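File shown here: input.pdb, holding PDB, C-alpha atoms.
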```
ATOM      1  CA  MET A   1     -43.265  98.876 -40.267  1.00  0.00           C
ATOM      2  CA  PRO A   2     -42.376 101.688 -42.677  1.00  0.00           C
ATOM      3  CA  GLY A   3     -42.308 105.139 -41.130  1.00  0.00           C
ATOM      4  CA  THR A   4     -40.270 108.221 -40.320  1.00  0.00           C
ATOM      5  CA  VAL A   5     -37.865 108.724 -37.420  1.00  0.00           C
ATOM      6  CA  THR A   6     -39.035 111.758 -35.435  1.00  0.00           C
ATOM      7  CA  VAL A   7     -36.735 111.674 -32.385  1.00  0.00           C
ATOM      8  CA  VAL A   8     -33.301 110.175 -31.712  1.00  0.00           C
ATOM      9  CA  LYS A   9     -32.463 110.110 -27.991  1.00  0.00           C
ATOM     10  CA  VAL A  10     -29.047 108.397 -28.052  1.00  0.00           C
ATOM     11  CA  ALA A  11     -25.739 108.510 -29.897  1.00  0.00           C
ATOM     12  CA  VAL A  12     -23.128 105.890 -30.757  1.00  0.00           C
ATOM     13  CA  GLY A  13     -21.103 105.167 -27.632  1.00  0.00           C
ATOM     14  CA  ASP A  14     -23.912 105.918 -25.172  1.00  0.00           C
ATOM     15  CA  GLU A  15     -24.476 103.441 -22.348  1.00  0.00           C
ATOM     16  CA  VAL A  16     -28.149 102.441 -22.088  1.00  0.00           C
ATOM     17  CA  GLU A  17     -30.281 100.391 -19.727  1.00  0.00           C
ATOM     18  CA  ALA A  18     -32.729  97.658 -20.720  1.00  0.00           C
ATOM     19  CA  GLY A  19     -36.004  99.254 -21.781  1.00  0.00           C
ATOM     20  CA  GLN A  20     -34.510 102.734 -22.228  1.00  0.00           C
ATOM     21  CA  SER A  21     -36.063 104.713 -25.069  1.00  0.00           C
ATOM     22  CA  LEU A  22     -33.654 105.006 -28.019  1.00  0.00           C
ATOM     23  CA  LEU A  23     -35.760 106.660 -30.708  1.00  0.00           C
ATOM     24  CA  VAL A  24     -39.288 107.345 -31.897  1.00  0.00           C
ATOM     25  CA  VAL A  25     -40.716 106.309 -35.273  1.00  0.00           C
ATOM     26  CA  GLU A  26     -43.967 107.729 -36.612  1.00  0.00           C
ATOM     27  CA  ALA A  27     -45.886 105.158 -38.642  1.00  0.00           C
ATOM     28  CA  MET A  28     -49.568 104.875 -39.481  1.00  0.00           C
ATOM     29  CA  LYS A  29     -50.172 108.238 -37.729  1.00  0.00           C
ATOM     30  CA  MET A  30     -48.906 106.789 -34.430  1.00  0.00           C
ATOM     31  CA  GLU A  31     -45.642 107.257 -32.546  1.00  0.00           C
ATOM     32  CA  HIS A  32     -43.747 104.046 -31.773  1.00  0.00           C
ATOM     33  CA  VAL A  33     -41.005 104.173 -29.146  1.00  0.00           C
ATOM     34  CA  ILE A  34     -38.043 101.916 -29.913  1.00  0.00           C
ATOM     35  CA  SER A  35     -36.419 100.732 -26.675  1.00  0.00           C
ATOM     36  CA  ALA A  36     -33.160  98.988 -25.789  1.00  0.00           C
ATOM     37  CA  PRO A  37     -33.664  95.216 -25.570  1.00  0.00           C
ATOM     38  CA  HIS A  38     -30.946  94.935 -22.899  1.00  0.00           C
ATOM     39  CA  ALA A  39     -28.334  97.011 -21.077  1.00  0.00           C
ATOM     40  CA  GLY A  40     -25.276  97.840 -23.138  1.00  0.00           C
ATOM     41  CA  THR A  41     -23.596 100.307 -25.458  1.00  0.00           C
ATOM     42  CA  VAL A  42     -25.075 101.808 -28.617  1.00  0.00           C
ATOM     43  CA  THR A  43     -22.607 100.606 -31.269  1.00  0.00           C
ATOM     44  CA  GLU A  44     -24.557 101.471 -34.421  1.00  0.00           C
ATOM     45  CA  LEU A  45     -27.133 104.153 -35.112  1.00  0.00           C
ATOM     46  CA  ASP A  46     -28.061 104.497 -38.767  1.00  0.00           C
ATOM     47  CA  VAL A  47     -30.843 107.108 -38.568  1.00  0.00           C
ATOM     48  CA  THR A  48     -31.425 110.780 -37.799  1.00  0.00           C
ATOM     49  CA  PRO A  49     -34.679 112.701 -37.321  1.00  0.00           C
ATOM     50  CA  GLY A  50     -36.499 112.791 -40.646  1.00  0.00           C
ATOM     51  CA  THR A  51     -35.048 109.520 -41.925  1.00  0.00           C
ATOM     52  CA  THR A  52     -37.615 107.355 -43.710  1.00  0.00           C
ATOM     53  CA  VAL A  53     -37.282 103.730 -42.644  1.00  0.00           C
ATOM     54  CA  ALA A  54     -38.405 100.498 -44.280  1.00  0.00           C
ATOM     55  CA  MET A  55     -40.081  97.488 -42.736  1.00  0.00           C
ATOM     56  CA  ASP A  56     -37.578  95.307 -40.826  1.00  0.00           C
ATOM     57  CA  GLN A  57     -34.768  97.873 -41.212  1.00  0.00           C
ATOM     58  CA  ILE A  58     -32.214  97.823 -38.382  1.00  0.00           C
ATOM     59  CA  LEU A  59     -32.244 101.263 -36.777  1.00  0.00           C
ATOM     60  CA  ALA A  60     -29.788 100.851 -33.916  1.00  0.00           C
ATOM     61  CA  VAL A  61     -27.576  98.164 -32.393  1.00  0.00           C
ATOM     62  CA  VAL A  62     -27.044  97.831 -28.643  1.00  0.00           C
ATOM     63  CA  THR A  63     -24.103  95.587 -27.765  1.00  0.00           C
ATOM     64  CA  PRO A  64     -24.680  93.881 -24.392  1.00  0.00           C
ATOM     65  CA  ARG A  65     -22.461  94.746 -21.462  1.00  0.00           C
ATOM     66  CA  GLU A  66     -19.981  92.114 -20.456  1.00  0.00           C
ATOM     67  CA  GLU A  67     -20.898  90.775 -17.059  1.00  0.00           C
ATOM     68  CA  GLU A  68     -18.196  91.320 -14.491  1.00  0.00           C
ATOM     69  CA  ASP A  69     -17.224  88.159 -12.653  1.00  0.00           C
ATOM     70  CA  ALA A  70     -17.884  88.417  -8.928  1.00  0.00           C
ATOM     71  CA  ALA A  71     -14.881  86.460  -7.706  1.00  0.00           C
TER
END
```
Written as structure tokens, that's how I'd like the structure from this file.
Amino acid sequence: MPGTVTVVKVAVGDEVEAGQSLLVVEAMKMEHVISAPHAGTVTELDVTPGTTVAMDQILAVVTPREEEDAA
């Protein structure tokens, strides 16, 4: 939904865990926490605090970690 980014908690290159809070968007007078969908590395982050965002805009990309083979 359209809104404004109020907090950015990560930077490109940061390692994150599944469910970790990445940023906060204020929309419709409510704060919405955007969390990592899976463990990985933040590879794209296209917003800063104060950025106005549109509906369905991609705010951040978390590239999944490669699973290490247990051989």
I'd like the residues picked by the PyMOL selection byres ((chain A and resi 30) around 12) written out as JSON, numbers by chain, using the chain letters and numbers from the file. {"A": [1, 2, 3, 4, 5, 6, 24, 25, 26, 27, 28, 29, 31, 32, 33]}
Given the PyMOL selection byres ((chain A and resi 43) around 7) and the file above, list the residues it selects as a PyMOL selection string. chain A and resi 12-13+41-42+44-45+61-63
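With only the atoms specified (only C-alpha atoms) counting, those residues at most 7 Å away from (-35.1, 106.2, -33.6) are Val5, Val7, Val8, Leu22, Leu23, Val24, Val25, Ile34, Val47 and Leu59 of chain A.
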Go ahead and fit an axis-aligned box to every listed atom of segment 32-51 of chain A plus 8 Å each side, and pass me the centre and edge lengths in Å, one decimal, as lines of an AutoDock Vina configuration file.
```
center_x = -33.2
center_y = 103.9
center_z = -31.5
size_x = 37.1
size_y = 33.9
size_z = 36.8
```
Please indicate the distance in Å from atom CA of Pro37 of chain A to atom CA of Pro64 of chain A, rounded to one decimal place. 9.2 Å
Atomic separation - atom CA of Ser35 of chain A relative to atom CA of Glu17 of chain A, Å: 9.3 Å
What does the structure give for the distance between atom CA of His38 of chain A and atom CA of Gly19 of chain A, in Å to one decimal? 6.7 Å
Asp14 of chain A proximity check over A:Thr51, A:Asp56, A:Gly40, A:Asp46, using only C-alpha atoms: winner is A:Gly40
